[in-house]
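This report concerns only the one structure given below.
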Amino acid sequence: MRIKNYFLFVFPLILVLVASCDPSSTPKEKYYSSTKSTNLESENVQLVSIGSSKYEVASCLKKKPKFIEITEQPPYTTYIYGKSTEKYDVEFKIVDNQVSRYDLISNKYATEKGIHTGDSKQSVVRA
């Protein structure tokens, strides 16, 4: 009787598990290779682009960052320009003394192509 109860419990569980595996589903990597892309090498904020040195950030923005956050693992530094760490204008992630990412939160700064925070999708695509 115990084996029968065990079988009645385990069999539906295995059936659900097998049914949820779809070998014909598209792997995530396939979407990356088929997505259209735009070359953003010349894109920058106040002449600071991905790959700029940490010294160029303060030089191009003509001031030192208002806040600096250091993260241990993985090691990186964040330069924050704005009124606070929660309500900032722009932040730059520095990895190995180079800019690896920047985020625009307010419309105080724009990209080289004139894109501001809050712009419509249509104007971003057009730029």
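Residues in the structure tokens are named by chain (A, B, ... in the order shown) and by number from 1 within that chain; ligands are numbered from 1 in the order shown.
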Give me the residues near Thr111 (chain A) as a PDB file with N, CA, C and O atoms, in the first residue's frame, where near means some atom within 9 Å (using only C-alpha atoms) and where sequence neighbours in that chain fewer than 2 positions away do not count.
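As a result, selection.pdb now contains:
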ATOM      1  N   GLU A  43      29.403  57.615 -28.498  1.00  0.00           N
ATOM      2  CA  GLU A  43      28.440  58.175 -27.542  1.00  0.00           C
ATOM      3  C   GLU A  43      29.166  58.534 -26.252  1.00  0.00           C
ATOM      4  O   GLU A  43      30.059  57.820 -25.806  1.00  0.00           O
ATOM      5  N   ASN A  44      28.804  59.670 -25.657  1.00  0.00           N
ATOM      6  CA  ASN A  44      29.443  60.108 -24.425  1.00  0.00           C
ATOM      7  C   ASN A  44      28.550  61.090 -23.691  1.00  0.00           C
ATOM      8  O   ASN A  44      27.543  61.548 -24.215  1.00  0.00           O
ATOM      9  N   VAL A  45      28.952  61.416 -22.469  1.00  0.00           N
ATOM     10  CA  VAL A  45      28.293  62.427 -21.655  1.00  0.00           C
ATOM     11  C   VAL A  45      29.373  63.425 -21.250  1.00  0.00           C
ATOM     12  O   VAL A  45      30.337  63.050 -20.577  1.00  0.00           O
ATOM     13  N   GLN A  46      29.248  64.671 -21.707  1.00  0.00           N
ATOM     14  CA  GLN A  46      30.243  65.702 -21.413  1.00  0.00           C
ATOM     15  C   GLN A  46      31.656  65.241 -21.802  1.00  0.00           C
ATOM     16  O   GLN A  46      32.603  65.457 -21.067  1.00  0.00           O
ATOM     17  N   LEU A  47      31.775  64.545 -22.913  1.00  0.00           N
ATOM     18  CA  LEU A  47      33.026  64.007 -23.463  1.00  0.00           C
ATOM     19  C   LEU A  47      33.574  62.809 -22.688  1.00  0.00           C
ATOM     20  O   LEU A  47      34.665  62.338 -22.970  1.00  0.00           O
ATOM     21  N   LEU A 104      22.322  58.158 -16.543  1.00  0.00           N
ATOM     22  CA  LEU A 104      21.743  59.497 -16.478  1.00  0.00           C
ATOM     23  C   LEU A 104      20.390  59.392 -15.781  1.00  0.00           C
ATOM     24  O   LEU A 104      19.516  58.669 -16.240  1.00  0.00           O
ATOM     25  N   TYR A 109      22.090  66.396 -17.771  1.00  0.00           N
ATOM     26  CA  TYR A 109      23.110  65.993 -18.730  1.00  0.00           C
ATOM     27  C   TYR A 109      22.452  65.263 -19.895  1.00  0.00           C
ATOM     28  O   TYR A 109      21.386  64.670 -19.736  1.00  0.00           O
ATOM     29  N   LYS A 113      24.449  62.482 -28.643  1.00  0.00           N
ATOM     30  CA  LYS A 113      23.378  62.574 -29.638  1.00  0.00           C
ATOM     31  C   LYS A 113      22.180  63.382 -29.140  1.00  0.00           C
ATOM     32  O   LYS A 113      21.150  63.431 -29.793  1.00  0.00           O
ATOM     33  N   GLY A 114      22.315  63.998 -27.964  1.00  0.00           N
ATOM     34  CA  GLY A 114      21.244  64.849 -27.446  1.00  0.00           C
ATOM     35  C   GLY A 114      20.135  64.107 -26.732  1.00  0.00           C
ATOM     36  O   GLY A 114      19.044  64.644 -26.553  1.00  0.00           O
ATOM     37  N   ILE A 115      20.389  62.899 -26.298  1.00  0.00           N
ATOM     38  CA  ILE A 115      19.368  62.110 -25.601  1.00  0.00           C
ATOM     39  C   ILE A 115      19.394  62.464 -24.116  1.00  0.00           C
ATOM     40  O   ILE A 115      20.448  62.438 -23.483  1.00  0.00           O
ATOM     41  N   HIS A 116      18.214  62.820 -23.595  1.00  0.00           N
ATOM     42  CA  HIS A 116      18.046  63.152 -22.181  1.00  0.00           C
ATOM     43  C   HIS A 116      17.176  62.098 -21.509  1.00  0.00           C
ATOM     44  O   HIS A 116      16.396  61.413 -22.176  1.00  0.00           O
TER      45      HIS A 116
END
Skipping near chain neighbours, those fewer than 6 positions away, what residues fall within 9 Å of Phe92 (chain A) using only C-alpha atoms, listed as a VMD selection string? chain A and resid 54 57 77 to 81 99 to 103
Identify, on the basis of only C-alpha atoms, every residue whose closest approach to Lys66 (chain A) does not exceed 12 Å; exclude the query and any residue fewer than 3 positions from it along the same chain; express the result as a PyMOL selection string. chain A and resi 58+61+63+69+78-85+87-92
Among the residues of chain A, find those DSSP assigns to alpha helix (DSSP H) from the backbone and print them as number ranges by chain. A: 2-20, 28-34, 54-61, 121-126
Shell around Thr38 (chain A) at 12 Å using only C-alpha atoms, local window under 2 positions removed, as a ChimeraX atom specification: /A:35-36,40-43,124-127
Could you please write out, as a ChimeraX atom specification, every residue of chain A that DSSP assigns to strand (DSSP E)? /A:67-71,76-82,88-95,98-104
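Computed from the coordinates, the CA of Tyr76 (chain A) to CA of Glu56 (chain A) distance equals 16.6 Å.
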